[in-house]
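Asks: See upload.txt below, with compact mmCIF, C-alpha atoms and all ligand atoms.
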# COMPACT_ATOMS: atom_id res chain seq x y z
CA MET A 1 -4.91 8.10 -14.48
CA THR A 2 -2.76 11.21 -14.54
CA GLY A 3 0.55 10.50 -16.27
CA ARG A 4 2.43 13.21 -14.40
CA TYR A 5 1.63 11.80 -10.94
CA LEU A 6 2.72 8.34 -12.06
CA ARG A 7 5.96 9.59 -13.57
CA ASP A 8 6.85 11.79 -10.59
CA THR A 9 6.10 9.00 -8.12
CA ARG A 10 8.05 6.39 -10.07
CA ASP A 11 11.02 8.71 -10.55
CA GLY A 12 10.98 9.80 -6.89
CA TYR A 13 11.14 6.21 -5.63
CA ASP A 14 13.60 5.15 -8.31
CA ALA A 15 15.96 7.90 -7.14
CA THR A 16 15.69 6.94 -3.47
CA ALA A 17 15.07 3.16 -3.47
CA ALA A 18 18.42 2.08 -1.97
CA ALA A 19 18.36 4.72 0.76
CA TYR A 20 14.66 4.00 1.47
CA ALA A 21 15.49 0.31 1.89
CA GLY A 22 18.29 1.14 4.33
CA ARG A 23 16.08 3.40 6.44
CA PHE A 24 12.71 1.69 6.32
CA HIS A 25 12.94 -1.99 5.38
CA ASP A 26 13.19 -3.16 9.03
CA TRP A 27 11.04 -0.34 10.36
CA LEU A 28 8.01 -2.50 11.10
CA ASP A 29 9.99 -4.71 13.49
CA ARG A 30 9.66 -1.81 15.98
CA LYS A 31 5.94 -1.18 15.29
CA PRO A 32 3.74 -3.56 17.34
CA VAL A 33 0.42 -2.01 16.27
CA GLU A 34 1.29 -2.34 12.58
CA LEU A 35 2.44 -5.94 13.10
CA ALA A 36 -0.87 -6.74 14.81
CA VAL A 37 -2.83 -5.18 11.92
CA LEU A 38 -0.85 -7.16 9.33
CA ARG A 39 -1.27 -10.39 11.31
CA SER A 40 -5.03 -9.76 11.59
CA PHE A 41 -5.29 -9.12 7.86
CA ALA A 42 -3.37 -12.32 7.06
CA GLY A 43 -5.67 -14.19 9.46
CA LEU A 44 -8.79 -12.83 7.75
CA VAL A 45 -7.49 -13.84 4.32
CA GLY A 46 -6.58 -17.25 5.71
CA PRO A 47 -3.77 -19.78 5.26
CA GLY A 48 -2.66 -20.09 1.64
CA GLY A 49 -4.80 -17.12 0.59
CA TYR A 50 -3.47 -15.10 -2.33
CA ILE A 51 -2.54 -11.55 -1.27
CA VAL A 52 -1.28 -8.88 -3.65
CA ASP A 53 0.74 -6.16 -1.93
CA VAL A 54 0.22 -3.14 -4.19
CA GLY A 55 2.84 -0.42 -3.84
CA CYS A 56 4.95 -3.00 -2.01
CA GLY A 57 8.12 -0.91 -2.03
CA THR A 58 10.97 -3.03 -0.64
CA GLY A 59 8.57 -5.89 0.18
CA ALA A 60 8.63 -5.54 3.97
CA THR A 61 4.87 -6.05 4.32
CA THR A 62 4.85 -8.73 1.61
CA ALA A 63 7.34 -10.73 3.69
CA ILE A 64 5.36 -10.29 6.91
CA LEU A 65 2.12 -11.40 5.21
CA ALA A 66 3.92 -14.41 3.72
CA ARG A 67 5.37 -15.31 7.15
CA HIS A 68 1.79 -15.47 8.44
CA GLY A 69 0.98 -18.26 6.00
CA THR A 70 -0.46 -16.42 3.02
CA LYS A 71 0.71 -16.56 -0.58
CA ALA A 72 1.81 -12.93 -0.82
CA THR A 73 3.33 -11.24 -3.87
CA GLY A 74 4.24 -7.60 -4.50
CA ILE A 75 3.62 -5.05 -7.27
CA ASP A 76 5.16 -1.58 -7.47
CA LEU A 77 5.44 1.29 -9.94
CA SER A 78 9.15 1.83 -9.32
CA PRO A 79 11.59 -0.59 -10.98
CA ASN A 80 14.26 0.28 -8.41
CA MET A 81 11.93 -0.43 -5.49
CA ILE A 82 11.12 -3.78 -7.12
CA GLY A 83 14.88 -4.35 -7.42
CA GLU A 84 15.28 -3.76 -3.68
CA ALA A 85 12.28 -6.00 -2.94
CA ARG A 86 13.80 -8.85 -4.96
CA ARG A 87 17.22 -8.38 -3.35
CA LEU A 88 15.82 -8.30 0.19
CA ASN A 89 13.22 -11.08 -0.28
CA PRO A 90 14.64 -13.47 -2.88
CA GLU A 91 12.08 -16.15 -1.99
CA LEU A 92 9.09 -13.97 -2.94
CA ASP A 93 7.65 -12.85 -6.26
CA PHE A 94 7.62 -9.14 -7.23
CA ARG A 95 6.50 -7.36 -10.39
CA ILE A 96 6.48 -3.85 -11.78
CA GLY A 97 2.95 -2.48 -12.26
CA ALA A 98 0.53 0.37 -11.62
CA MET A 99 -2.34 0.01 -9.17
CA ALA A 100 -5.06 1.30 -11.51
CA HIS A 101 -4.10 -1.26 -14.20
CA LEU A 102 -3.26 -4.50 -12.42
CA ASP A 103 -2.19 -7.39 -14.61
CA LEU A 104 -4.53 -9.74 -12.74
CA GLY A 105 -7.76 -11.48 -13.70
CA ASP A 106 -11.19 -10.55 -12.34
CA GLU A 107 -11.88 -11.90 -8.83
CA THR A 108 -8.57 -13.78 -8.60
CA VAL A 109 -7.21 -12.24 -5.38
CA ASP A 110 -8.20 -13.10 -1.78
CA GLY A 111 -6.62 -10.03 -0.17
CA LEU A 112 -5.20 -6.75 -1.43
CA CYS A 113 -2.79 -4.76 0.73
CA ALA A 114 -2.04 -1.11 -0.14
CA TRP A 115 0.31 -0.08 2.67
CA TYR A 116 1.11 3.62 2.39
CA SER A 117 0.71 3.55 -1.39
CA VAL A 118 -2.69 5.13 -2.12
CA ILE A 119 -1.15 8.11 -0.28
CA HIS A 120 0.38 9.09 -3.62
CA VAL A 121 -2.88 8.85 -5.58
CA PRO A 122 -4.55 12.24 -6.20
CA ASP A 123 -8.21 12.55 -5.16
CA GLY A 124 -9.38 12.55 -8.78
CA ASP A 125 -7.70 9.19 -9.43
CA LEU A 126 -8.95 7.33 -6.34
CA ASP A 127 -12.09 6.20 -8.18
CA ALA A 128 -10.09 4.33 -10.83
CA VAL A 129 -7.95 2.71 -8.13
CA PHE A 130 -10.87 1.45 -6.03
CA ALA A 131 -12.63 0.20 -9.17
CA GLU A 132 -9.50 -1.80 -10.03
CA PHE A 133 -9.10 -3.15 -6.48
CA HIS A 134 -12.76 -4.25 -6.57
CA ARG A 135 -12.32 -5.92 -9.97
CA VAL A 136 -9.42 -8.16 -8.90
CA LEU A 137 -10.73 -9.10 -5.42
CA ARG A 138 -12.94 -12.13 -5.12
CA PRO A 139 -16.31 -11.69 -3.38
CA GLY A 140 -15.66 -11.93 0.36
CA GLY A 141 -12.06 -10.72 -0.14
CA TYR A 142 -10.37 -8.13 2.07
CA LEU A 143 -8.65 -4.83 1.34
CA LEU A 144 -6.07 -3.36 3.75
CA LEU A 145 -5.03 0.28 3.53
CA ALA A 146 -2.49 2.21 5.62
CA PHE A 147 -2.16 5.97 5.36
CA GLN A 148 -1.26 9.13 7.24
CA VAL A 149 -4.23 10.98 8.74
CA GLY A 150 -4.59 14.67 7.94
CA ASP A 151 -6.23 17.23 5.76
CA ARG A 152 -3.27 18.67 3.88
CA PRO A 153 -0.79 16.98 1.58
CA ARG A 154 2.92 16.86 2.34
CA ILE A 155 5.01 17.81 -0.65
CA LEU A 156 8.65 16.76 -0.90
CA ASP A 157 11.09 18.18 -3.42
CA GLU A 158 14.08 16.48 -1.81
CA ALA A 159 14.50 13.06 -0.20
CA PHE A 160 17.68 11.30 0.90
CA GLY A 161 19.68 14.00 -0.91
CA ALA A 162 17.91 13.40 -4.25
CA LYS A 163 15.69 15.86 -6.09
CA VAL A 164 12.13 14.45 -6.15
CA SER A 165 8.57 15.58 -6.74
CA LEU A 166 6.50 13.49 -4.34
CA VAL A 167 3.06 14.30 -2.94
CA PHE A 168 1.82 12.46 0.16
CA HIS A 169 -1.97 12.84 0.39
CA ARG A 170 -3.13 12.73 4.01
CA ARG A 171 -6.74 11.72 4.50
CA THR A 172 -9.22 10.66 7.16
CA PRO A 173 -10.62 7.12 7.35
CA GLN A 174 -14.05 8.64 6.58
CA GLN A 175 -12.73 10.11 3.31
CA ILE A 176 -11.23 6.80 2.24
CA ILE A 177 -14.39 4.87 3.19
CA ALA A 178 -16.49 7.40 1.24
CA ALA A 179 -14.26 6.90 -1.82
CA ALA A 180 -14.31 3.09 -1.59
CA ARG A 181 -17.97 2.52 -0.69
CA PRO A 182 -19.44 3.39 -4.13
CA HIS A 183 -17.30 0.59 -5.53
CA GLY A 184 -18.90 -1.92 -3.19
CA PHE A 185 -16.43 -1.99 -0.28
CA THR A 186 -17.76 -2.05 3.29
CA PRO A 187 -15.62 -1.05 6.28
CA TYR A 188 -14.65 -3.92 8.60
CA VAL A 189 -11.82 -2.67 10.87
CA GLU A 190 -10.93 0.97 11.44
CA THR A 191 -7.84 1.72 13.56
CA VAL A 192 -6.11 5.04 14.14
CA ARG A 193 -3.06 5.30 16.33
CA GLU A 194 -1.50 8.53 17.49
CA CYS A 195 1.71 9.88 16.07
CA ASP A 196 4.86 8.25 17.50
CA ASP A 197 7.46 10.72 18.79
CA ASP A 198 10.33 9.04 16.96
CA GLY A 199 11.15 12.13 14.91
CA LEU A 200 9.96 10.44 11.70
CA GLU A 201 6.19 10.78 11.97
CA SER A 202 4.18 13.96 12.05
CA THR A 203 0.56 12.68 11.92
CA PRO A 204 -1.64 9.91 13.35
CA GLN A 205 -1.64 6.72 11.27
CA ALA A 206 -4.74 4.94 9.94
CA PHE A 207 -5.19 1.24 9.20
CA LEU A 208 -8.40 0.31 7.48
CA ILE A 209 -9.63 -3.14 6.51
CA MET A 210 -12.57 -3.23 4.11
CA ARG A 211 -14.44 -6.13 2.61
CA LYS A 212 -15.89 -6.87 -0.79
CA PRO A 213 -19.27 -8.40 0.10
CA THR A 214 -20.01 -11.92 -1.08
CA VAL A 215 -23.18 -10.63 -2.76
CA SER A 216 -22.83 -7.15 -4.29
C1 LIG B 1 5.66 5.21 0.92
S1 LIG B 1 6.14 3.91 -0.16
C2 LIG B 1 5.52 2.52 0.75
C3 LIG B 1 6.20 1.24 0.34
C4 LIG B 1 5.83 0.03 1.17
N1 LIG B 1 4.42 -0.30 1.07
C5 LIG B 1 6.25 0.27 2.61
O1 LIG B 1 5.38 0.48 3.46
O2 LIG B 1 7.46 0.26 2.88
C6 LIG B 1 4.97 4.04 -1.49
C7 LIG B 1 5.18 3.00 -2.57
O3 LIG B 1 4.01 2.98 -3.41
C8 LIG B 1 4.43 2.88 -4.76
N2 LIG B 1 3.36 3.45 -5.60
C9 LIG B 1 2.88 4.71 -5.57
N3 LIG B 1 1.91 4.87 -6.48
C10 LIG B 1 1.76 3.67 -7.10
C11 LIG B 1 0.92 3.20 -8.14
N4 LIG B 1 0.04 4.00 -8.74
N5 LIG B 1 1.02 1.91 -8.52
C12 LIG B 1 1.90 1.08 -7.92
N6 LIG B 1 2.75 1.47 -6.93
C13 LIG B 1 2.68 2.76 -6.52
C14 LIG B 1 5.73 3.66 -4.79
O4 LIG B 1 6.53 3.35 -5.92
C15 LIG B 1 6.37 3.29 -3.47
O5 LIG B 1 7.19 2.16 -3.58
Could you write out this structure as structure tokens?
Replies:
Amino acid sequence: MTGRYLRDTRDGYDATAAAYAGRFHDWLDRKPVELAVLRSFAGLVGPGGYIVDVGCGTGATTAILARHGTKATGIDLSPNMIGEARRLNPELDFRIGAMAHLDLGDETVDGLCAWYSVIHVPDGDLDAVFAEFHRVLRPGGYLLLAFQVGDRPRILDEAFGAKVSLVFHRRTPQQIIAAARPHGFTPYVETVRECDDDGLESTPQAFLIMRKPTVS
């Protein structure tokens, strides 16, 4: 995995974690489609199922998945995002970690949520990420991905008044499925909603649930 991408992403979110929490932590409360997707994912994993929310940020999705009866925990690259997640969700467990090197045993996870976090992974590193997701998921487990749809990355050198170097890779569901399939994932739910005109979005949004087959 490319060290520069990891460092830039970590530093970018470290510099903006508090402002990000203020702007986005309650964001999903106003997003009925996203809430339905998260509820469906929690339902597929089942009551008490162990979900790891990778790239959890401030833990907003971790909390929603936990509210739907799963045992959800969060992992994120950015220590300051993990700090916000712990502050905002003191009842839940959060750890610092990188998605291509998860500190989890083989086939120990029932569901893996990567909600707008593989968006920062360059194309050349997606293979390592899907291999790692496949390693930790148990056979029959589910993978949820959310990402912006598009064919060109968005590059930010400033966010919330801080200097950052963040790349947001926009992709199509077909591109993500093509990257995940060689690792054994099969698509299960594919949802794309149009861009909301709230001044914050500029692309359609994709929500993809894939499954690790019981026999691979
Ligand atoms: C756009 S934010 C989304 C946060 C959260 N999922 C949400 O929807 O509010 C992307 C998050 O992914 C994390 N991230 C990016 N690359 C990562 C990696 N390789 N490993 C772990 N976390 C990563 C970032 O630190 C950041 O907190």
Asks: Report, in Å with one decimal, the straight-line distance from CA of Arg87 in chain A to CA of Gly59 in chain A.
Replies: 9.7 Å
Asks: Find, counting only C-alpha atoms, the residue in A:Ala15, A:Cys56, A:Val189, A:Ala85 that gets nearest to Tyr116 in chain A.
Replies: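 Ranking A:Ala15, A:Cys56, A:Val189, A:Ala85 by distance to Tyr116 in chain A, first place goes to A:Cys56.
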Asks: Considering all atoms listed in the file, tabulate each residue of range 114-203 of chain A that lies at most 12 Å from range 71-77 of chain A along with its nearest interatomic pair and the corresponding distance in Å to one decimal; arrange the rows by chain and ascending residue number and present them as a Markdown table.
Replies:
| residue | atom | partner | partner_atom | distance |
| --- | --- | --- | --- | --- |
| A:Ala114 | CA | A:Ile75 | CA | 9.9 |
| A:Trp115 | CA | A:Gly74 | CA | 11.1 |
| A:Tyr116 | CA | A:Asp76 | CA | 11.9 |
| A:Ser117 | CA | A:Asp76 | CA | 9.1 |
| A:Val118 | CA | A:Asp76 | CA | 11.6 |
| A:His120 | CA | A:Leu77 | CA | 11.2 |
Asks: Write out as a PyMOL selection string each polymer residue whose atoms come within 8 Å of Pro153 in chain A, counting all atoms listed in the file; drop sequence neighbours fewer than 5 positions from it.
Replies: chain A and resi 167-170
Asks: Set the cut-off to 9 Å, count all atoms listed in the file, and list whatever residues fall near ligand LIG 1 (chain B) as a PyMOL selection string.
Replies: chain A and resi 1+5-6+9-14+17+20-21+24-25+27-28+53-62+75-82+96-102+113-121+129+146+168
Asks: Which of these residues is nearest to Asp151 in chain A, using only C-alpha atoms: A:Arg39, A:Lys163, A:Arg171, A:Arg4?
Replies: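 Ranked by minimum distance to Asp151 in chain A, first place goes to A:Arg171.
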Asks: So how far away is CA of Phe160 in chain A from CA of Asp125 in chain A, in Å?
Replies: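 Distance between the two atoms: 27.5 Å.
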Asks: Which residue out of A:Arg95, A:Arg67, A:His134, A:Arg181 has the minimum interatomic distance to Glu107 in chain A when all atoms listed in the file are used?
Replies: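 That would be A:His134, the residue with the smallest distance to Glu107 in chain A.
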Asks: How far is it from CA of Leu92 in chain A to CA of Leu38 in chain A, in Å with one decimal?
Replies: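 Computing it gives 17.2 Å between the two atoms.
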Asks: From the options A:Pro139, A:Asn89, A:Ala179, A:Val52, which residue's atoms come nearest to Pro122 in chain A, counting all atoms listed in the file?
Replies: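 Counting all atoms listed in the file, the residue closest to Pro122 in chain A is A:Ala179.
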Asks: Out of A:Ala180, A:Cys195, A:Leu208, A:Ala19, which residue has the shortest atom-to-atom distance to Leu126 in chain A when counting all atoms listed in the file?
Replies: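 Using all atoms listed in the file, the shortest distance to Leu126 in chain A belongs to A:Ala180.
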Asks: Give me the residues near Asp127 in chain A as a list in words, where near means some atom within 9 Å (using all atoms listed in the file) and where sequence neighbours in that chain fewer than 4 positions away do not count.
Replies: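 The neighbour list is Asp123, Ala131, Glu132, Ala179, Ala180, Pro182 and His183 of chain A.
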Asks: Keeping only C-alpha atoms, write the selected residues to a file as a PDB file, in the frame of the given file.
Replies:
ATOM      1  CA  ASP A 123      -8.210  12.550  -5.160  1.00  0.00           C
ATOM      2  CA  ALA A 131     -12.630   0.200  -9.170  1.00  0.00           C
ATOM      3  CA  GLU A 132      -9.500  -1.800 -10.030  1.00  0.00           C
ATOM      4  CA  ALA A 179     -14.260   6.900  -1.820  1.00  0.00           C
ATOM      5  CA  ALA A 180     -14.310   3.090  -1.590  1.00  0.00           C
ATOM      6  CA  PRO A 182     -19.440   3.390  -4.130  1.00  0.00           C
ATOM      7  CA  HIS A 183     -17.300   0.590  -5.530  1.00  0.00           C
TER       8      HIS A 183
END
Asks: Which is closer to Phe130 in chain A than all the others in A:Leu88, A:Val192, A:Ala162, A:Met210, using only C-alpha atoms?
Replies: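 So, comparing all the options, the nearest one is A:Met210.
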